[in-house]
Amino acid sequence: MKKYLYMFIATLALASTALAVDSQIWGEMRIQNILGYGQEESLKLGPLFTMLQHQYFAWIFLGVLIGVPGAFFLHYKIIGPKVFPHSEKKYYAFNLYNRIIHQIAAISFIVIVPTGFVIVFGDFFGGGMFVRFCKNLHGLFTIPFTIVVIPMALMWLKEALFNLDDVKWFMILGGYLSKEKKPILAGKFNAGQKMWYWVAILGGITMILSGAFMFFLDFKMEMLHNVTGMSQIDMLRAAAIIHNVMGFAVVALFITHIYMSMFAIKGAVQSIITGYVEEEEVKILHSTWYKKLKDQGKF
Amino acid sequence: MEYARMKFYCDEHRCIECDGCSVACAEAHELPVGIARRKVITINEGIPGKEFSTSIACMHCTDAPCEQVCPVDCFYIREDGIVLHDKEKCIGCGYCLYACPFGAPQFPREGIFGAKGAMDKCTMCAGGPLETNSEKERHLYGQNRIAEGKVPVCAAMCSTKALLVGDSESVSAIIRARVSSRAKGASNPLVWDKAYKNQ
């Protein structure tokens, strides 16, 4: 873990020294950037970013912000939450390390996601001090997430690999469309949780990198220019597009994650706070895992 | 009343890469070190017959892309076409830079985290949204020469009169006169088509 932290700090230091030496945007490169804008054989990232940001991004974010909680509100009203007795036997599933890592990521997301929305709807908030403050928080709380994202990826990697259970889980959408309490095939994590794992980890890393690009703005990484064949300004445009598009997925699944843990399955959030999962809950929602634990005599 | 449409024009046959415009701009507006609202660039450097220089700043585009992408809507386009922005609204996100074909928006670093500060760009010497010629306007945006009926400082200072600024009809009239006396085919300068969509 320390290794990654050092790597991160080294990247920051390198990026900021490169910044002072020669500008990739306002220096000599500016000529190429001007000549390259909107050229026929290029990706036309400048006009593409302008079109997307002008006409689509904010509306899609608004759609996600209203649509996803709206769908869950209907689900809550029509199908309702799953309630399991919480007095039965428990199994210690998440140790202190797991919980600390998760909680650091959780706090980061609780700050990063709403401040991201404030930036997207900056005109609604009138810009200025408040939005600027949110923009700074948005960047600042990326640091704790950056620190825990690799440990989190490693500690749950085995449980997050997809298998045959997940196909069946997706066919019935995890049983969330019925009120019945039938055992559902799933390991420690069900297919929905796995999906969130991959979006949070891979999507999260993508968000960190594209966000860092936009934060540091003017730096030179020869290797990146050679690999992508893009100029710095085009990479910034690509970063802005990727940051927004990936944002749709991360936000949609983040809202889902909160709904599932806080509302859809009553008291499920307790398991990541105390570390204990309830027998009934595991038996129904993670039946494959339950069988394994039962065989091992854990329940 | 029909307003004039203000445009920049840099005559590539006349620009001698003296950098007078960018120095004049930086001095007149007391720009911080590292910020250059105007810059002289040379294209095809060293290739005989093809080399030329031109002066670049915010071109005050028709359908300004910066204005389209700003998440806090801090840009406004005056009736005369000058594209200005409100620095007190700006959050320094950098989107306007990504949208700009000319790399005009710049960001002074500020604060303990070195975050991007409010964007800075050429105002065509027309200040900002604050009270005209107030001390605060001068501090944030530089001189407001347009309000005083003066030519923007870069063009006023240009020794070869390569850099022209004014309403599009007056600028076109000067260019027409120059082209006809040169007896050479007319051609639009480097950035003209992108900025004004041939209007």
# chains A, B, ... in the order shown; residues from 1 in each chain; ligands from 1
>>> closest_atom_pairs(of="segment 113-193 of chain A", to="segment 56-68 of chain A", cutoff="10 Å", atoms="only C-alpha atoms", output="JSON lines")
{"residue": "A:Phe117", "atom": "CA", "partner": "A:Phe61", "partner_atom": "CA", "distance": 7.8}
{"residue": "A:Ile119", "atom": "CA", "partner": "A:Ala58", "partner_atom": "CA", "distance": 9.8}
{"residue": "A:Val120", "atom": "CA", "partner": "A:Ala58", "partner_atom": "CA", "distance": 6.0}
{"residue": "A:Phe121", "atom": "CA", "partner": "A:Ala58", "partner_atom": "CA", "distance": 6.8}
{"residue": "A:Gly122", "atom": "CA", "partner": "A:Ala58", "partner_atom": "CA", "distance": 9.8}
>>> write_last_selection(atoms="all heavy atoms", output="CSV table (one decimal), in the first residue's frame")
chain,number,residue,atom,x,y,z
A,117,PHE,N,-22.0,16.9,-8.7
A,117,PHE,CA,-23.3,17.4,-9.2
A,117,PHE,C,-23.3,18.9,-9.1
A,117,PHE,O,-23.9,19.6,-10.0
A,117,PHE,CB,-24.4,16.8,-8.5
A,117,PHE,CG,-24.9,15.5,-9.1
A,117,PHE,CD1,-24.7,14.3,-8.4
A,117,PHE,CD2,-25.5,15.4,-10.3
A,117,PHE,CE1,-25.1,13.1,-8.9
A,117,PHE,CE2,-25.8,14.2,-10.9
A,117,PHE,CZ,-25.7,13.0,-10.2
A,119,ILE,N,-20.9,20.9,-9.5
A,119,ILE,CA,-20.1,21.4,-10.6
A,119,ILE,C,-20.9,21.3,-11.9
A,119,ILE,O,-21.0,22.3,-12.7
A,119,ILE,CB,-18.7,20.7,-10.8
A,119,ILE,CG1,-17.9,20.9,-9.5
A,119,ILE,CG2,-18.0,21.2,-12.0
A,119,ILE,CD1,-16.7,20.0,-9.4
A,120,VAL,N,-21.5,20.1,-12.1
A,120,VAL,CA,-22.3,19.9,-13.4
A,120,VAL,C,-23.4,21.0,-13.5
A,120,VAL,O,-23.7,21.5,-14.6
A,120,VAL,CB,-22.9,18.5,-13.4
A,120,VAL,CG1,-23.9,18.4,-14.5
A,120,VAL,CG2,-21.8,17.5,-13.6
A,121,PHE,N,-24.1,21.2,-12.4
A,121,PHE,CA,-25.2,22.2,-12.4
A,121,PHE,C,-24.7,23.5,-11.8
A,121,PHE,O,-25.5,24.2,-11.1
A,121,PHE,CB,-26.4,21.6,-11.6
A,121,PHE,CG,-26.9,20.3,-12.1
A,121,PHE,CD1,-26.9,19.2,-11.3
A,121,PHE,CD2,-27.3,20.1,-13.4
A,121,PHE,CE1,-27.3,17.9,-11.7
A,121,PHE,CE2,-27.7,18.9,-13.9
A,121,PHE,CZ,-27.7,17.8,-13.0
A,122,GLY,N,-23.5,23.9,-12.1
A,122,GLY,CA,-22.9,25.1,-11.5
A,122,GLY,C,-23.7,26.3,-11.8
A,122,GLY,O,-23.7,27.3,-11.0
>>> interface_residues(of="chain A", to="chain B", cutoff="8 Å", atoms="only C-alpha atoms", output="PDB file with C-alpha atoms, in the first residue's frame")
ATOM      1  CA  ILE A  25      -0.699  24.216 -24.192  1.00  0.00           C
ATOM      2  CA  TRP A  26       0.479  27.808 -24.264  1.00  0.00           C
ATOM      3  CA  ARG A  30       0.102  25.930 -29.157  1.00  0.00           C
ATOM      4  CA  ILE A  31       0.768  26.125 -32.893  1.00  0.00           C
ATOM      5  CA  ASN A  33      -2.948  22.664 -31.143  1.00  0.00           C
ATOM      6  CA  ILE A  34      -4.401  25.485 -33.234  1.00  0.00           C
ATOM      7  CA  TYR A  37      -8.302  21.731 -34.086  1.00  0.00           C
ATOM      8  CA  GLY A  46     -12.531  19.866 -29.575  1.00  0.00           C
ATOM      9  CA  PRO A  47     -15.851  20.186 -31.435  1.00  0.00           C
ATOM     10  CA  PHE A  49     -16.376  17.946 -26.388  1.00  0.00           C
ATOM     11  CA  THR A  50     -18.048  21.296 -27.079  1.00  0.00           C
ATOM     12  CA  GLN A  53     -20.840  19.460 -22.850  1.00  0.00           C
ATOM     13  CA  HIS A  54     -23.109  22.086 -24.408  1.00  0.00           C
ATOM     14  CA  ILE A 119     -20.085  21.441 -10.637  1.00  0.00           C
ATOM     15  CA  VAL A 120     -22.289  19.918 -13.375  1.00  0.00           C
ATOM     16  CA  PHE A 121     -25.189  22.182 -12.375  1.00  0.00           C
ATOM     17  CA  GLY A 122     -22.871  25.077 -11.524  1.00  0.00           C
ATOM     18  CA  ASP A 123     -25.080  27.588 -13.327  1.00  0.00           C
ATOM     19  CA  PHE A 124     -28.015  26.572 -11.102  1.00  0.00           C
ATOM     20  CA  PHE A 125     -25.918  27.382  -8.023  1.00  0.00           C
ATOM     21  CA  GLY A 126     -24.773  30.642  -9.572  1.00  0.00           C
ATOM     22  CA  GLY A 127     -21.076  29.775  -9.726  1.00  0.00           C
ATOM     23  CA  GLY A 128     -18.608  31.688  -7.576  1.00  0.00           C
ATOM     24  CA  MET A 129     -17.444  30.862  -4.053  1.00  0.00           C
ATOM     25  CA  VAL A 131     -19.173  26.049  -6.569  1.00  0.00           C
ATOM     26  CA  ARG A 132     -15.440  26.781  -6.388  1.00  0.00           C
ATOM     27  CA  LYS A 135     -14.717  21.903  -6.938  1.00  0.00           C
ATOM     28  CA  ASN A 136     -11.851  21.969  -4.452  1.00  0.00           C
ATOM     29  CA  MET A 214      -7.845  18.054 -15.712  1.00  0.00           C
ATOM     30  CA  PHE A 215      -6.472  19.143 -12.334  1.00  0.00           C
ATOM     31  CA  ILE A 233      -4.965  19.483 -25.289  1.00  0.00           C
ATOM     32  CA  ASP A 234      -6.633  16.537 -27.050  1.00  0.00           C
ATOM     33  CA  LEU A 236      -7.517  16.888 -21.818  1.00  0.00           C
ATOM     34  CA  ARG A 237     -10.575  16.902 -24.075  1.00  0.00           C
ATOM     35  CA  ALA A 240     -13.199  15.569 -19.835  1.00  0.00           C
TER      36      ALA A 240
END
>>> atom_distance(atom1="atom CA of Ile82 of chain B", atom2="atom CA of Glu110 of chain B")
27.2 Å
>>> atom_distance(atom1="atom CA of Val251 of chain A", atom2="atom CA of Leu140 of chain A")
18.3 Å
>>> atom_distance(atom1="atom CA of Met152 of chain A", atom2="atom CA of Thr274 of chain A")
17.8 Å
>>> residues_around(residues="Ala126 of chain B", least_positions_apart="6", cutoff="9 Å", atoms="only C-alpha atoms", output="ChimeraX atom specification")
/B:82,84,132,141-147,152
>>> select_by_dssp(residues="segment 103-181 of chain B", states="strand (DSSP E or B)", output="list in words")
Gln106, Arg109, Glu110, Ala115, Lys116, Asp120, Ala126, Asn144, Leu163, Leu164, Val165, Gly166 and Asp167 of chain B
>>> residues_around(residues="segment 15-19 of chain B", least_positions_apart="2", cutoff="7 Å", atoms="only C-alpha atoms", output="list in words")
Asp11, Glu12, His13, Cys21, Ser22, Val23, Val40, Ser53, Thr54, Thr160 and Ala162 of chain B
>>> residues_around(residues="segment 202-206 of chain A", least_positions_apart="4", cutoff="10 Å", atoms="only C-alpha atoms", output="list in words")
Phe109, Thr142, Phe145, Thr146, Val149, Ile150, Ala153, Trp196, Tyr197, Trp198, Ser210, Gly211, Ala212, Ala239, Ile242, His243, Met246, Gly247, Ala249 and Val250 of chain A
>>> residues_around(residues="segment 184-195 of chain A", least_positions_apart="3", cutoff="6 Å", atoms="only C-alpha atoms", output="VMD selection string")
chain A and resid 160 165 to 166 198 284 to 289
>>> closest_residue(among="B:Asp80, B:Asp167, B:Glu51, B:Asp193", to="Val151 of chain B", atoms="only C-alpha atoms")
B:Asp167
>>> closest_residue(among="A:Asn244, A:Thr115, A:Ser231, A:Asn95", to="Ile273 of chain A", atoms="only C-alpha atoms")
A:Asn95
>>> select_by_dssp(residues="segment 24-65 of chain A", states="alpha helix (DSSP H)", output="ChimeraX atom specification")
/A:29-36,45-55,57-65
>>> write_last_selection(atoms="N, CA, C and O atoms", output="mmCIF file, in the first residue's frame")
data_model
loop_
_atom_site.group_PDB
_atom_site.id
_atom_site.type_symbol
_atom_site.label_atom_id
_atom_site.label_comp_id
_atom_site.auth_asym_id
_atom_site.auth_seq_id
_atom_site.Cartn_x
_atom_site.Cartn_y
_atom_site.Cartn_z
ATOM 1 N N MET A 29 3.799 24.228 -28.366
ATOM 2 C CA MET A 29 2.766 23.281 -28.788
ATOM 3 C C MET A 29 1.485 23.976 -29.236
ATOM 4 O O MET A 29 0.653 23.383 -29.911
ATOM 5 N N ARG A 30 1.351 25.230 -28.848
ATOM 6 C CA ARG A 30 0.102 25.930 -29.157
ATOM 7 C C ARG A 30 -0.154 25.975 -30.664
ATOM 8 O O ARG A 30 -1.300 25.916 -31.107
ATOM 9 N N ILE A 31 0.921 26.072 -31.430
ATOM 10 C CA ILE A 31 0.768 26.125 -32.893
ATOM 11 C C ILE A 31 0.129 24.832 -33.399
ATOM 12 O O ILE A 31 -0.841 24.863 -34.148
ATOM 13 N N GLN A 32 0.685 23.691 -32.949
ATOM 14 C CA GLN A 32 0.111 22.399 -33.350
ATOM 15 C C GLN A 32 -1.340 22.275 -32.887
ATOM 16 O O GLN A 32 -2.176 21.743 -33.588
ATOM 17 N N ASN A 33 -1.585 22.760 -31.679
ATOM 18 C CA ASN A 33 -2.948 22.664 -31.143
ATOM 19 C C ASN A 33 -3.939 23.456 -31.991
ATOM 20 O O ASN A 33 -5.043 23.003 -32.252
ATOM 21 N N ILE A 34 -3.509 24.655 -32.428
ATOM 22 C CA ILE A 34 -4.401 25.485 -33.234
ATOM 23 C C ILE A 34 -4.608 24.847 -34.613
ATOM 24 O O ILE A 34 -5.729 24.714 -35.086
ATOM 25 N N LEU A 35 -3.501 24.398 -35.225
ATOM 26 C CA LEU A 35 -3.606 23.791 -36.556
ATOM 27 C C LEU A 35 -4.393 22.489 -36.509
ATOM 28 O O LEU A 35 -5.083 22.132 -37.452
ATOM 29 N N GLY A 36 -4.291 21.784 -35.380
ATOM 30 C CA GLY A 36 -4.929 20.467 -35.277
ATOM 31 C C GLY A 36 -6.404 20.503 -34.960
ATOM 32 O O GLY A 36 -7.096 19.498 -35.111
ATOM 33 N N LEU A 45 -11.783 16.111 -31.325
ATOM 34 C CA LEU A 45 -12.211 16.085 -29.927
ATOM 35 C C LEU A 45 -12.688 17.448 -29.436
ATOM 36 O O LEU A 45 -13.560 17.514 -28.579
ATOM 37 N N GLY A 46 -12.118 18.523 -29.992
ATOM 38 C CA GLY A 46 -12.531 19.866 -29.575
ATOM 39 C C GLY A 46 -14.006 20.114 -29.857
ATOM 40 O O GLY A 46 -14.793 20.372 -28.945
ATOM 41 N N PRO A 47 -14.424 20.001 -31.137
ATOM 42 C CA PRO A 47 -15.851 20.186 -31.435
ATOM 43 C C PRO A 47 -16.720 19.134 -30.752
ATOM 44 O O PRO A 47 -17.841 19.437 -30.318
ATOM 45 N N LEU A 48 -16.205 17.897 -30.622
ATOM 46 C CA LEU A 48 -16.988 16.837 -29.977
ATOM 47 C C LEU A 48 -17.256 17.171 -28.510
ATOM 48 O O LEU A 48 -18.393 17.099 -28.034
ATOM 49 N N PHE A 49 -16.195 17.581 -27.794
ATOM 50 C CA PHE A 49 -16.376 17.946 -26.388
ATOM 51 C C PHE A 49 -17.344 19.117 -26.252
ATOM 52 O O PHE A 49 -18.229 19.115 -25.396
ATOM 53 N N THR A 50 -17.177 20.122 -27.135
ATOM 54 C CA THR A 50 -18.048 21.296 -27.079
ATOM 55 C C THR A 50 -19.504 20.891 -27.247
ATOM 56 O O THR A 50 -20.380 21.316 -26.479
ATOM 57 N N MET A 51 -19.767 20.026 -28.228
ATOM 58 C CA MET A 51 -21.141 19.593 -28.499
ATOM 59 C C MET A 51 -21.707 18.801 -27.307
ATOM 60 O O MET A 51 -22.819 19.081 -26.850
ATOM 61 N N LEU A 52 -20.929 17.853 -26.804
ATOM 62 C CA LEU A 52 -21.416 17.009 -25.702
ATOM 63 C C LEU A 52 -21.671 17.826 -24.445
ATOM 64 O O LEU A 52 -22.717 17.702 -23.805
ATOM 65 N N GLN A 53 -20.695 18.682 -24.086
ATOM 66 C CA GLN A 53 -20.840 19.460 -22.850
ATOM 67 C C GLN A 53 -21.953 20.498 -22.999
ATOM 68 O O GLN A 53 -22.677 20.765 -22.060
ATOM 69 N N HIS A 54 -22.094 21.047 -24.195
ATOM 70 C CA HIS A 54 -23.109 22.086 -24.408
ATOM 71 C C HIS A 54 -24.515 21.498 -24.371
ATOM 72 O O HIS A 54 -25.421 22.071 -23.772
ATOM 73 N N GLN A 55 -24.696 20.327 -25.003
ATOM 74 C CA GLN A 55 -26.061 19.847 -25.192
ATOM 75 C C GLN A 55 -26.452 18.634 -24.364
ATOM 76 O O GLN A 55 -27.639 18.421 -24.129
ATOM 77 N N PHE A 57 -24.301 16.529 -21.539
ATOM 78 C CA PHE A 57 -23.826 16.040 -20.243
ATOM 79 C C PHE A 57 -24.739 16.393 -19.074
ATOM 80 O O PHE A 57 -25.142 15.534 -18.299
ATOM 81 N N ALA A 58 -25.074 17.667 -18.935
ATOM 82 C CA ALA A 58 -25.872 18.090 -17.774
ATOM 83 C C ALA A 58 -27.250 17.417 -17.793
ATOM 84 O O ALA A 58 -27.764 17.018 -16.747
ATOM 85 N N TRP A 59 -27.832 17.265 -18.985
ATOM 86 C CA TRP A 59 -29.156 16.646 -19.080
ATOM 87 C C TRP A 59 -29.105 15.168 -18.712
ATOM 88 O O TRP A 59 -30.024 14.663 -18.050
ATOM 89 N N ILE A 60 -28.053 14.485 -19.156
ATOM 90 C CA ILE A 60 -27.935 13.060 -18.804
ATOM 91 C C ILE A 60 -27.741 12.918 -17.298
ATOM 92 O O ILE A 60 -28.370 12.065 -16.658
ATOM 93 N N PHE A 61 -26.908 13.783 -16.711
ATOM 94 C CA PHE A 61 -26.719 13.744 -15.261
ATOM 95 C C PHE A 61 -28.042 13.999 -14.533
ATOM 96 O O PHE A 61 -28.352 13.346 -13.542
ATOM 97 N N LEU A 62 -28.819 14.943 -15.057
ATOM 98 C CA LEU A 62 -30.113 15.230 -14.440
ATOM 99 C C LEU A 62 -31.024 14.002 -14.550
ATOM 100 O O LEU A 62 -31.720 13.640 -13.595
ATOM 101 N N GLY A 63 -30.971 13.361 -15.711
ATOM 102 C CA GLY A 63 -31.763 12.142 -15.916
ATOM 103 C C GLY A 63 -31.377 11.049 -14.931
ATOM 104 O O GLY A 63 -32.248 10.395 -14.339
ATOM 105 N N VAL A 64 -30.073 10.863 -14.722
ATOM 106 C CA VAL A 64 -29.602 9.854 -13.774
ATOM 107 C C VAL A 64 -30.026 10.228 -12.356
ATOM 108 O O VAL A 64 -30.518 9.399 -11.589
ATOM 109 N N LEU A 65 -29.866 11.514 -12.038
ATOM 110 C CA LEU A 65 -30.158 11.984 -10.671
ATOM 111 C C LEU A 65 -31.638 11.847 -10.327
ATOM 112 O O LEU A 65 -31.995 11.599 -9.165
#
>>> decode(residues="segment 49-79 of chain B", atoms="N, CA and C atoms", output="compact mmCIF listing (two decimals), in the first residue's frame")
# COMPACT_ATOMS: atom_id res chain seq x y z
N GLY B 49 9.55 30.96 -47.96
CA GLY B 49 8.33 31.25 -48.72
C GLY B 49 7.06 30.84 -48.00
N LYS B 50 7.19 29.97 -47.01
CA LYS B 50 5.99 29.52 -46.33
C LYS B 50 5.88 30.06 -44.91
N GLU B 51 7.00 30.58 -44.41
CA GLU B 51 7.01 31.05 -43.03
C GLU B 51 6.20 32.34 -42.89
N PHE B 52 5.37 32.37 -41.87
CA PHE B 52 4.69 33.63 -41.54
C PHE B 52 4.37 33.66 -40.06
N SER B 53 4.18 34.85 -39.54
CA SER B 53 3.87 35.01 -38.13
C SER B 53 2.48 35.64 -37.98
N THR B 54 1.88 35.36 -36.86
CA THR B 54 0.57 35.96 -36.60
C THR B 54 0.40 36.11 -35.09
N SER B 55 -0.47 37.01 -34.74
CA SER B 55 -0.69 37.30 -33.32
C SER B 55 -2.00 36.66 -32.88
N ILE B 56 -1.93 35.90 -31.80
CA ILE B 56 -3.10 35.11 -31.37
C ILE B 56 -3.54 35.52 -29.97
N ALA B 57 -4.82 35.68 -29.80
CA ALA B 57 -5.42 35.86 -28.47
C ALA B 57 -6.82 35.29 -28.59
N CYS B 58 -7.66 35.56 -27.61
CA CYS B 58 -9.06 35.21 -27.76
C CYS B 58 -9.55 35.92 -29.02
N MET B 59 -10.22 35.16 -29.92
CA MET B 59 -10.66 35.77 -31.18
C MET B 59 -12.08 36.35 -31.07
N HIS B 60 -12.71 36.19 -29.94
CA HIS B 60 -14.09 36.65 -29.73
C HIS B 60 -15.00 36.07 -30.81
N CYS B 61 -15.05 34.75 -30.81
CA CYS B 61 -15.72 33.98 -31.87
C CYS B 61 -17.22 34.23 -31.92
N THR B 62 -17.73 34.02 -33.14
CA THR B 62 -19.17 33.86 -33.32
C THR B 62 -19.48 32.48 -32.73
N ASP B 63 -20.61 32.29 -32.08
CA ASP B 63 -20.94 31.02 -31.40
C ASP B 63 -19.80 30.56 -30.51
N ALA B 64 -19.23 31.47 -29.71
CA ALA B 64 -18.06 31.13 -28.90
C ALA B 64 -18.22 29.79 -28.17
N PRO B 65 -17.34 28.81 -28.49
CA PRO B 65 -17.47 27.49 -27.84
C PRO B 65 -17.27 27.55 -26.32
N CYS B 66 -16.43 28.49 -25.85
CA CYS B 66 -16.20 28.61 -24.41
C CYS B 66 -17.51 28.91 -23.70
N GLU B 67 -18.29 29.79 -24.31
CA GLU B 67 -19.57 30.20 -23.72
C GLU B 67 -20.52 29.01 -23.68
N GLN B 68 -20.40 28.11 -24.66
CA GLN B 68 -21.31 26.96 -24.74
C GLN B 68 -21.03 25.92 -23.66
N VAL B 69 -19.75 25.75 -23.31
CA VAL B 69 -19.41 24.65 -22.40
C VAL B 69 -19.32 25.05 -20.93
N CYS B 70 -19.31 26.34 -20.63
CA CYS B 70 -19.08 26.77 -19.24
C CYS B 70 -20.16 26.23 -18.30
N PRO B 71 -19.78 25.43 -17.29
CA PRO B 71 -20.80 24.87 -16.40
C PRO B 71 -21.45 25.90 -15.47
N VAL B 72 -20.80 27.03 -15.25
CA VAL B 72 -21.40 28.04 -14.39
C VAL B 72 -21.93 29.24 -15.19
N ASP B 73 -21.90 29.13 -16.51
CA ASP B 73 -22.43 30.19 -17.38
C ASP B 73 -21.83 31.55 -17.07
N CYS B 74 -20.50 31.62 -16.96
CA CYS B 74 -19.90 32.89 -16.57
C CYS B 74 -19.60 33.77 -17.78
N PHE B 75 -19.79 33.25 -19.00
CA PHE B 75 -19.51 34.04 -20.20
C PHE B 75 -20.73 34.85 -20.62
N TYR B 76 -20.47 35.96 -21.25
CA TYR B 76 -21.54 36.69 -21.92
C TYR B 76 -20.96 37.37 -23.16
N ILE B 77 -21.78 37.45 -24.18
CA ILE B 77 -21.32 38.03 -25.45
C ILE B 77 -22.03 39.35 -25.64
N ARG B 78 -21.24 40.40 -25.74
CA ARG B 78 -21.83 41.74 -25.90
C ARG B 78 -22.47 41.88 -27.26
N GLU B 79 -23.29 42.89 -27.39
CA GLU B 79 -23.98 43.13 -28.67
C GLU B 79 -22.99 43.36 -29.81
